[in-house]
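Everything below concerns the one structure shown next.
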Amino acid sequence: MNLVLFIFIVLLGFTSYYFGRKKAYTIQSTNKRLTALPQFYGYYLAIWCAIPAFIIYSLWAIFEPTIVKLLILSDYANQGYLDDELNLIYEKTKALSRGQFTGEVTSFIQTSSEKYLNLRSIAQSSKVVIVLCIIIASVAYAYKRISSNNRTREPVEKFFNAVLFTASLAAILTTVGIVFSLIFQTIDFFKVIPLFDFVFGTHWYPAKAFVRDSSEALDPTMYSDTFGAVPIFAGTFFIAFIAMCVAIPIGLMSGIYLAEYASYKVRQYAKPLIEILAGIPTVVYGFFAALTVGPFLKDIGTAMGLEVSAESALAAGGVMGIMIIPFISSLSDDVITSVPQSLRDGSYAMGATKSETIKKVIFPAALPGIVGSILLGVSRAIGETMIVVMASGLAANLTLNPLESTSTITAQIVVILIGDQAFGDPKTQAAFALGMSLFIVTLCLNIVALRVVKKYREKYE
Amino acid sequence: MNKNKEKLLAKRYSSEKRFQFLGKSAIFMALLFLAFFIFKIFSTGYTAFQKTWLIVPVNFDAETMYLDANPSKEDLEDADYFEISLQSMFNLDKNANEKQQNELKKMVSYFFEREIKQELINDPSLLGKTKEIYLTASDDLDQVFKGNYPRDLPEKQRRVTDYQLKIFDQLVEQGKVESKFNLSFFTYPDSREAELAGIASSFMGSIFSILVCLVIAFPVAVLAAIYLEEFAPKNRFTDFIEVNINNLAAVPSIVFGLLGLGILLAVFQLPRSTPLVGGITLSLMTLPTIIIACRASLKAVPPSIREAALAMGASRMQTTMHHTVPLSMPGTLSGTIIGLAQALGETAPLILIGMVAFVNTIPGSPMDPAASLPVQIYIWAESAERGFVEKVSACIMVLLGFLIIMNLFAQIIRHKFEKKWS
């Protein structure tokens with residue numbers, strides 16, 4: 001029924017476009033001057049036909065269930081039911097009226113189910129009637145405006161402009177959505193666990209905070225020494241550090257080589273090939289690290305008499321470094337190519353070799369841009385999830401030994417939230433608090449990096 | 001004095017050579033990683049496209065199946081196939097004791113009864129006759145046949161018993177073991193049994209997620225890019241939007257997963273584990289990528305086009321919609337495809353919204369629970385069975401194949417349709 005109405009509105013919109021345009025031609029045939037191209041008459045009518053109807057339609061879709069629920073539950077008001085029980089009654093009523101109810105049918109639920117069906121059918125038919133009335137009224141209004149040859153282009157373009165503007169708000173809405181989804185859970189989390197314990201505690205053991213019975217009161221002492229995030233933060237930065245130890249030398253050197261030495265042909269093939277590394281999904285890297293690199297490092301370690309965990313930080317960090325190489329190489333390539341040629345020429349004129357020019361002139365000039373690209377790489381490494389989940393350990397050890405297993409923010413979020421979650425449980429909220437800290441850290445890194453790169457670009461443009 | 005100078009010069013030249021060598025070796029290292037990586041995936045994965053079958057004679061005895069001589073189609077559907085299926089396996093070794101019979105049964109997949117049933121339903125004239133039928137071998141024997149299974153381990157440490165190996169070797173000698181193209185890998189949904197696991201369910205899940213993502217992200221991103229590039233006044237607010245977009249492009253993907261969980265699932269109560277939610281989450285993630293690509297290609301349209309249109313009396317909206325936007329479409333489309341390819345390989349946000357649930361049906365709509373290809377890789381990589389290792393690599397090959405096709409497509413659109421202004 002809803003779909004039929006929806007399609008009906010769309011079809012009406014299209015027909016009114018043709019009517020509007022036809023009307024414009026009729027006006028034109030009476031030798032009157034049109035105020036806009038005929039299709040604007042069509043757009044005008046179509047917008048007036050469809051948009052008010054859609055607004056009513058969607059408002060109805062949003063509010064109908066709530067109002068129906070209120071009306072149904074008003075029968076049960078003042079009988080001492082709790083909110084949860086009322087919700088249950090409503091769910092039962094809905095299930096019964098859909099014929100999916102399997103429990104014992106009481107006469108109460110029977111009556112309210114009948115009432116529910118009744119209300120729904122009233123709501124449906126009144127929705128159709130109201131939407132049709134709105135369409136008739138707004139089309140009549142718009143048709144009258146067209147007939148008296150009012151301006152149509154300006155309102156139509158204003159409307160399109162508003163649509164474009166609304167679309168551009170999507171980015172802000174997403175950011176707001178991220179902040180909102182994180183902040184409430186995080187605040188709830190810090191109501192139970194003091195911020196101090198979270199930031200400075202050294203024991204991370206969320207499994208201890210098992211799911212409580214909901215009737216039990218929260219006992220904060222139960223969670224003391226459970227959610228100390230220091231090992232997690234340390235592990236995150238440690239693995240990112242290992243990754244950067246792999247990515248910076250290789251990425252930077254290949255960026256420099258591609259920008260300064262490589263012939264056109266080498267550049268043409270090597271650059272896209274290296275960038276393939278960035279296009280490989282991270283879960284593939286994770287599988288690679290877990291299946292090949294981890295056991296390989298373990299074998300080498302055992303041969304050298306070292307104790308290496310199969311899920312060592314080194315394996316995860318190293319593979320992550322390979323993943324980040326192309327980011328650093330192509331960003332630093334861009335940065336180096338945008339250093340003005342005059343700087344190079346000046347240095348060559350003084351008799352410097354190519355590598356001396358690079359080291360003493362180009363590199364310092366490009367340094368801000370390179371630092372920016374490295375910061376973006378670090379932010380990638382901190383936010384990378386699948387490699388760590390699959391190749392690094394899940395137990396949070398506070399260690400600086402790259403051969404042991406450590407855990408990261410992202411890995412812990414996945415570990416906590418995989419499977420079913422109970423919202424309102426400190427364990428679940430802890431994942432959101434970790435997500436919040438991840439978001440803040442990467443946000444700061446990104447803002448700084450983007451600003452540095454932008455400043456640098458402006459300098460040479 | 002002169003000698004010192006020469007020495008210095010030699011030193012400088014050798015340092016130059018060293019530096020160049022470092023650059024070359026850096027590129028070489030990066031390419032080596034890539035080559036090793038691809039080699040590793042292919043060498044472990046190509047065997048998954050073959051499947052081992054045991055050819056076993058089955059006696060379709062009407063009496064054992066409780067059928068009369070001329071059964072109807074329904075009778076065939078309802079008949080008891082278990083007994084003849086078991087018998088056909090037990091007949092491989094007539095002297096087997098009870099324990100060994102049990103091992104014989106485990107040499108084929110637990111699907112074998114259904115495979116035998118399908119054979120009879122396809123050809124009812126087989127009733128009362130004996131026919132050799134292809135049965136899917138168990139994944140351990142499959143691995144043995146492909147040579148991935150160390151046979152020299154002590155019996156306790158492997159899942160195949162000596163007795164099973166003996167019978168299997170006899171079958172191999174008689175030519176009753178065959179390897180054929182593994183069609184079921186593409187047509188079956190996920191399964192706990194490696195020999196029956198396929199990518200159909202996760203493949204459809206990926207397709208639905210990507211479609212949802214495309215339907216939401218593409219229009220919104222293009223409209224937003226048009227506004228920001230062509231209409232937006234230069235003020236604080238539009239600057240803010242711009243900073244927002246650039247930041248969103250660098251937010252870790254797992255944070256979008258938390259957004260999907262905390263808003264789409266918890267607040268809007270959308271169904272868990274579905275491609276619908278996955279697609280919406282991915283669309284928020286690809287939105288900035290497409291906006292940035294679309295803005296870049298709008299920016300590349302030379303101002304002379306706009307000026308010409310404006311000079312002919314077109315309004316700004318007409319100029320944009322009739323001239324600038326169509327000219328920028330190739331760049332926008334290739335940017336969109338690249339954004340979608342990124343979304344196709346994304347795993348972490350989908351795990352958080354519950355697309356890791358075990359799904360053994362093929363989803364028919366975006367509202368059905370499903371996994372996606374990268375999540376399937378994760379699920380199989382986490383399971384311990386040896387048979388899944390090659391499946392993971394094969395699944396990676398399929399996923400990489402798709403990514404390559406999408407990227408090629410983007411390149412073709414860009415090179416073929418994009419106008420070069422110079």
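Labels used: A, B, ... for chains in the order of the structure tokens, numbers from 1 for residues in each chain, and numbers from 1 for ligands as shown.
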
Which residues of region 31-112 of chain A come within 9 Å of region 19-22 of chain A, and what is each one's closest atom pair and distance in Å (one decimal), counting only C-alpha atoms, sorted by chain and residue number, as JSON lines?
```
{"residue": "A:Leu37", "atom": "CA", "partner": "A:Arg21", "partner_atom": "CA", "distance": 8.9}
{"residue": "A:Pro38", "atom": "CA", "partner": "A:Arg21", "partner_atom": "CA", "distance": 5.1}
{"residue": "A:Gln39", "atom": "CA", "partner": "A:Arg21", "partner_atom": "CA", "distance": 5.4}
{"residue": "A:Phe40", "atom": "CA", "partner": "A:Arg21", "partner_atom": "CA", "distance": 7.5}
{"residue": "A:Tyr41", "atom": "CA", "partner": "A:Gly20", "partner_atom": "CA", "distance": 5.0}
{"residue": "A:Gly42", "atom": "CA", "partner": "A:Gly20", "partner_atom": "CA", "distance": 4.0}
{"residue": "A:Tyr43", "atom": "CA", "partner": "A:Gly20", "partner_atom": "CA", "distance": 7.4}
{"residue": "A:Tyr44", "atom": "CA", "partner": "A:Gly20", "partner_atom": "CA", "distance": 7.4}
{"residue": "A:Leu45", "atom": "CA", "partner": "A:Gly20", "partner_atom": "CA", "distance": 5.7}
{"residue": "A:Ala46", "atom": "CA", "partner": "A:Gly20", "partner_atom": "CA", "distance": 7.7}
```

Could the residues in this selection be written to a file with N, CA and C atoms, as a PDB file, in the first residue's frame?
```pdb
ATOM      1  N   LEU A  37      11.824  29.397 -19.798  1.00  0.00           N
ATOM      2  CA  LEU A  37      11.696  28.299 -20.754  1.00  0.00           C
ATOM      3  C   LEU A  37      10.541  27.393 -20.335  1.00  0.00           C
ATOM      4  N   PRO A  38       9.868  26.770 -21.320  1.00  0.00           N
ATOM      5  CA  PRO A  38       8.689  25.965 -20.977  1.00  0.00           C
ATOM      6  C   PRO A  38       8.969  24.892 -19.939  1.00  0.00           C
ATOM      7  N   GLN A  39      10.192  24.268 -19.972  1.00  0.00           N
ATOM      8  CA  GLN A  39      10.379  23.183 -18.989  1.00  0.00           C
ATOM      9  C   GLN A  39      10.369  23.684 -17.548  1.00  0.00           C
ATOM     10  N   PHE A  40      10.665  24.960 -17.345  1.00  0.00           N
ATOM     11  CA  PHE A  40      10.596  25.470 -15.968  1.00  0.00           C
ATOM     12  C   PHE A  40       9.163  25.473 -15.467  1.00  0.00           C
ATOM     13  N   TYR A  41       8.209  25.721 -16.374  1.00  0.00           N
ATOM     14  CA  TYR A  41       6.797  25.606 -15.979  1.00  0.00           C
ATOM     15  C   TYR A  41       6.511  24.183 -15.521  1.00  0.00           C
ATOM     16  N   GLY A  42       7.095  23.225 -16.297  1.00  0.00           N
ATOM     17  CA  GLY A  42       6.913  21.829 -15.941  1.00  0.00           C
ATOM     18  C   GLY A  42       7.529  21.499 -14.592  1.00  0.00           C
ATOM     19  N   TYR A  43       8.799  21.901 -14.391  1.00  0.00           N
ATOM     20  CA  TYR A  43       9.462  21.653 -13.104  1.00  0.00           C
ATOM     21  C   TYR A  43       8.652  22.248 -11.963  1.00  0.00           C
ATOM     22  N   TYR A  44       8.175  23.479 -12.191  1.00  0.00           N
ATOM     23  CA  TYR A  44       7.448  24.197 -11.145  1.00  0.00           C
ATOM     24  C   TYR A  44       6.253  23.387 -10.679  1.00  0.00           C
ATOM     25  N   LEU A  45       5.476  22.928 -11.690  1.00  0.00           N
ATOM     26  CA  LEU A  45       4.280  22.165 -11.342  1.00  0.00           C
ATOM     27  C   LEU A  45       4.657  20.844 -10.674  1.00  0.00           C
ATOM     28  N   ALA A  46       5.696  20.174 -11.216  1.00  0.00           N
ATOM     29  CA  ALA A  46       6.082  18.874 -10.677  1.00  0.00           C
ATOM     30  C   ALA A  46       6.551  19.005  -9.236  1.00  0.00           C
TER      31      ALA A  46
END
```

Show me a table, sorted first by chain and then by increasing residue number, of the residues of chain A having an atom at most 6 Å from chain B, each with its shortest atom pair and the distance in Å to one decimal, counting only C-alpha atoms and written as a tab-separated table.
```
residue	atom	partner	partner_atom	distance
A:Leu164	CA	B:Leu223	CA	5.2
A:Ala167	CA	B:Ala224	CA	4.8
A:Ser168	CA	B:Ala224	CA	3.9
A:Ala171	CA	B:Ile245	CA	5.8
A:Ile178	CA	B:Leu259	CA	5.3
A:Ser181	CA	B:Gly262	CA	4.9
A:Ile250	CA	B:Ala26	CA	4.8
A:Met253	CA	B:Gly23	CA	4.9
A:Ser254	CA	B:Ile27	CA	5.1
A:Tyr257	CA	B:Gly23	CA	5.0
A:Pro281	CA	B:Gly345	CA	4.8
A:Ser355	CA	B:Glu16	CA	5.3
A:Gly383	CA	B:Pro252	CA	4.8
```

Store the residues picked out above in a file with C-alpha atoms, as a PDB file, in the first residue's frame.
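Full text of selection_36.pdb as output:
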```pdb
ATOM      1  CA  LEU A 164      22.267  21.020  -3.343  1.00  0.00           C
ATOM      2  CA  ALA A 167      23.297  17.424   0.203  1.00  0.00           C
ATOM      3  CA  SER A 168      26.428  19.308   1.206  1.00  0.00           C
ATOM      4  CA  ALA A 171      29.406  15.545   5.552  1.00  0.00           C
ATOM      5  CA  ILE A 178      30.024   9.882  14.687  1.00  0.00           C
ATOM      6  CA  SER A 181      27.195   7.644  18.524  1.00  0.00           C
ATOM      7  CA  ILE A 250      61.155   2.439   1.918  1.00  0.00           C
ATOM      8  CA  MET A 253      63.329   6.573  -0.672  1.00  0.00           C
ATOM      9  CA  SER A 254      61.047   5.268  -3.399  1.00  0.00           C
ATOM     10  CA  TYR A 257      63.744   8.042  -6.519  1.00  0.00           C
ATOM     11  CA  PRO A 281      42.051  -4.882   1.196  1.00  0.00           C
ATOM     12  CA  SER A 355      72.061  13.470  -4.217  1.00  0.00           C
ATOM     13  CA  GLY A 383      43.313   3.286  12.795  1.00  0.00           C
TER      14      GLY A 383
END
```

Name the residues of region 138-325 of chain B that come out as strand (DSSP E) in a backbone DSSP run; write them as a PyMOL selection string. chain B and resi 177-181

Could you save the residues just selected, with N, CA and C atoms, as an mmCIF file, in the first residue's frame?
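For reference, result-v8.cif as written:
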```
data_model
loop_
_atom_site.group_PDB
_atom_site.id
_atom_site.type_symbol
_atom_site.label_atom_id
_atom_site.label_comp_id
_atom_site.auth_asym_id
_atom_site.auth_seq_id
_atom_site.Cartn_x
_atom_site.Cartn_y
_atom_site.Cartn_z
ATOM 1 N N VAL B 177 39.140 -41.944 -8.043
ATOM 2 C CA VAL B 177 39.194 -40.610 -7.440
ATOM 3 C C VAL B 177 39.468 -39.624 -8.552
ATOM 4 N N GLU B 178 38.674 -38.581 -8.606
ATOM 5 C CA GLU B 178 38.837 -37.636 -9.695
ATOM 6 C C GLU B 178 38.802 -36.220 -9.172
ATOM 7 N N SER B 179 39.531 -35.353 -9.850
ATOM 8 C CA SER B 179 39.538 -33.953 -9.473
ATOM 9 C C SER B 179 38.860 -33.171 -10.580
ATOM 10 N N LYS B 180 37.844 -32.425 -10.226
ATOM 11 C CA LYS B 180 37.131 -31.649 -11.252
ATOM 12 C C LYS B 180 36.999 -30.206 -10.793
ATOM 13 N N PHE B 181 36.618 -29.333 -11.725
ATOM 14 C CA PHE B 181 36.441 -27.915 -11.395
ATOM 15 C C PHE B 181 35.408 -27.758 -10.269
#
```

Contacts of Asp190 (chain B) within 7 Å, only C-alpha atoms, excl. fewer than 3 positions in-chain, as a list in words: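 Residues meeting the cut-off are Ala197, Gly198, Ile199, Ser201, Val359 and Asn360 of chain B.
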
Which residues, written as a PyMOL selection string, have at least one atom at most 12 Å from Gln170 (chain B), with only C-alpha atoms counted and residues fewer than 6 positions away on the same chain left out? chain B and resi 54+92-93+163-164+176-177

Taking only region 209-339 of chain A into account, list the residues labelled helix (DSSP H, G or I) by DSSP (computed from the backbone), as a PyMOL selection string. chain A and resi 220-223+230-261+264-279+282-303+313-337

Looking at A:Ile56, A:Ala77, A:Leu82, A:Ala366, which one is nearest to Ser126 (chain A), with distances taken over only C-alpha atoms? A:Ile56

Spatial neighbours of Ser372 (chain B), max dist 7 Å, only C-alpha atoms, sep filter under 4 positions, as a list in words: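 Counting only C-alpha atoms, the residues come to Ser202, Phe203, Gly205, Ser206 and Gln376 of chain B.
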
For the selection you just gave me, I'd like the residues written to a file as an mmCIF file, in the first residue's frame, keeping N, CA and C atoms.
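Produced file selection25.cif, reproduced below:
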```cif
data_model
loop_
_atom_site.group_PDB
_atom_site.id
_atom_site.type_symbol
_atom_site.label_atom_id
_atom_site.label_comp_id
_atom_site.auth_asym_id
_atom_site.auth_seq_id
_atom_site.Cartn_x
_atom_site.Cartn_y
_atom_site.Cartn_z
ATOM 1 N N SER B 202 28.227 -14.820 0.607
ATOM 2 C CA SER B 202 28.957 -13.583 0.878
ATOM 3 C C SER B 202 29.080 -12.731 -0.377
ATOM 4 N N PHE B 203 29.122 -13.394 -1.529
ATOM 5 C CA PHE B 203 29.198 -12.644 -2.781
ATOM 6 C C PHE B 203 27.936 -11.801 -2.966
ATOM 7 N N GLY B 205 25.965 -10.861 -0.620
ATOM 8 C CA GLY B 205 25.998 -9.838 0.426
ATOM 9 C C GLY B 205 26.821 -8.639 -0.012
ATOM 10 N N SER B 206 27.979 -8.906 -0.621
ATOM 11 C CA SER B 206 28.821 -7.814 -1.098
ATOM 12 C C SER B 206 28.112 -7.008 -2.171
ATOM 13 N N GLN B 376 33.966 -12.787 4.778
ATOM 14 C CA GLN B 376 34.088 -14.232 4.588
ATOM 15 C C GLN B 376 35.548 -14.659 4.706
#
```

Applying 10 Å and only C-alpha atoms, which residues near Lys146 (chain B) remain after dropping the ones on its own chain fewer than 6 positions away? List them as a PDB file with N, CA and C atoms, in the first residue's frame.
```
ATOM      1  N   THR B  47      44.473 -24.344  -5.767  1.00  0.00           N
ATOM      2  CA  THR B  47      43.923 -25.697  -5.615  1.00  0.00           C
ATOM      3  C   THR B  47      42.455 -25.674  -5.218  1.00  0.00           C
ATOM      4  N   ALA B  48      41.993 -24.559  -4.649  1.00  0.00           N
ATOM      5  CA  ALA B  48      40.599 -24.518  -4.195  1.00  0.00           C
ATOM      6  C   ALA B  48      39.632 -24.550  -5.364  1.00  0.00           C
ATOM      7  N   GLN B  50      39.720 -26.670  -7.622  1.00  0.00           N
ATOM      8  CA  GLN B  50      39.521 -28.071  -7.950  1.00  0.00           C
ATOM      9  C   GLN B  50      38.885 -28.747  -6.747  1.00  0.00           C
ATOM     10  N   LYS B  51      38.070 -29.729  -7.006  1.00  0.00           N
ATOM     11  CA  LYS B  51      37.435 -30.446  -5.917  1.00  0.00           C
ATOM     12  C   LYS B  51      37.586 -31.934  -6.178  1.00  0.00           C
ATOM     13  N   THR B  52      37.835 -32.685  -5.099  1.00  0.00           N
ATOM     14  CA  THR B  52      38.065 -34.116  -5.256  1.00  0.00           C
ATOM     15  C   THR B  52      36.757 -34.878  -5.115  1.00  0.00           C
ATOM     16  N   ASP B 140      39.395 -33.372   4.324  1.00  0.00           N
ATOM     17  CA  ASP B 140      40.728 -33.878   4.658  1.00  0.00           C
ATOM     18  C   ASP B 140      41.295 -34.722   3.522  1.00  0.00           C
ATOM     19  N   SER B 179      39.531 -35.353  -9.850  1.00  0.00           N
ATOM     20  CA  SER B 179      39.538 -33.953  -9.473  1.00  0.00           C
ATOM     21  C   SER B 179      38.860 -33.171 -10.580  1.00  0.00           C
TER      22      SER B 179
END
```

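Between CA of Arg151 (chain B) and CA of Ile300 (chain A) lies a distance of 24.9 Å.
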
Nearest to Asn397 (chain A) among A:Ala411, A:Leu169, A:Leu119, A:Ala234, with distances taken over only C-alpha atoms: which residue is it?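 For Asn397 (chain A), the nearest of the given residues is A:Ala234.
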
Give me the residues within 10 Å of region 94-111 of chain A as a ChimeraX atom specification, counting only C-alpha atoms and dropping any in the same chain fewer than 3 places off. /A:69,72,75-76,88-91,114-117

Keeping only N, CA and C atoms, take the residues you just selected and write them out as an mmCIF file, in the first residue's frame.
```cif
data_model
loop_
_atom_site.group_PDB
_atom_site.id
_atom_site.type_symbol
_atom_site.label_atom_id
_atom_site.label_comp_id
_atom_site.auth_asym_id
_atom_site.auth_seq_id
_atom_site.Cartn_x
_atom_site.Cartn_y
_atom_site.Cartn_z
ATOM 1 N N LYS A 69 0.832 3.515 18.874
ATOM 2 C CA LYS A 69 1.269 2.885 20.127
ATOM 3 C C LYS A 69 0.657 3.598 21.327
ATOM 4 N N ILE A 72 -3.008 2.692 21.606
ATOM 5 C CA ILE A 72 -3.210 1.314 22.095
ATOM 6 C C ILE A 72 -2.926 1.258 23.591
ATOM 7 N N ASP A 75 -5.198 2.323 26.762
ATOM 8 C CA ASP A 75 -6.118 1.403 27.435
ATOM 9 C C ASP A 75 -5.506 0.826 28.709
ATOM 10 N N TYR A 76 -4.189 0.746 28.709
ATOM 11 C CA TYR A 76 -3.527 0.109 29.852
ATOM 12 C C TYR A 76 -3.002 1.126 30.861
ATOM 13 N N LEU A 88 6.192 -4.678 25.996
ATOM 14 C CA LEU A 88 5.972 -6.090 25.694
ATOM 15 C C LEU A 88 4.547 -6.303 25.198
ATOM 16 N N ILE A 89 3.591 -5.670 25.891
ATOM 17 C CA ILE A 89 2.192 -5.793 25.485
ATOM 18 C C ILE A 89 2.024 -5.314 24.051
ATOM 19 N N TYR A 90 2.680 -4.184 23.743
ATOM 20 C CA TYR A 90 2.535 -3.621 22.402
ATOM 21 C C TYR A 90 3.118 -4.565 21.356
ATOM 22 N N GLU A 91 4.292 -5.141 21.683
ATOM 23 C CA GLU A 91 4.910 -6.071 20.730
ATOM 24 C C GLU A 91 4.008 -7.273 20.497
ATOM 25 N N GLU A 114 -7.354 -6.165 17.881
ATOM 26 C CA GLU A 114 -8.415 -5.714 16.973
ATOM 27 C C GLU A 114 -8.367 -4.198 16.818
ATOM 28 N N LYS A 115 -8.152 -3.527 17.956
ATOM 29 C CA LYS A 115 -8.089 -2.083 17.914
ATOM 30 C C LYS A 115 -6.909 -1.627 17.051
ATOM 31 N N TYR A 116 -5.819 -2.382 17.187
ATOM 32 C CA TYR A 116 -4.620 -2.039 16.422
ATOM 33 C C TYR A 116 -4.894 -2.115 14.929
ATOM 34 N N LEU A 117 -5.506 -3.236 14.522
ATOM 35 C CA LEU A 117 -5.802 -3.393 13.096
ATOM 36 C C LEU A 117 -6.725 -2.278 12.617
#
```
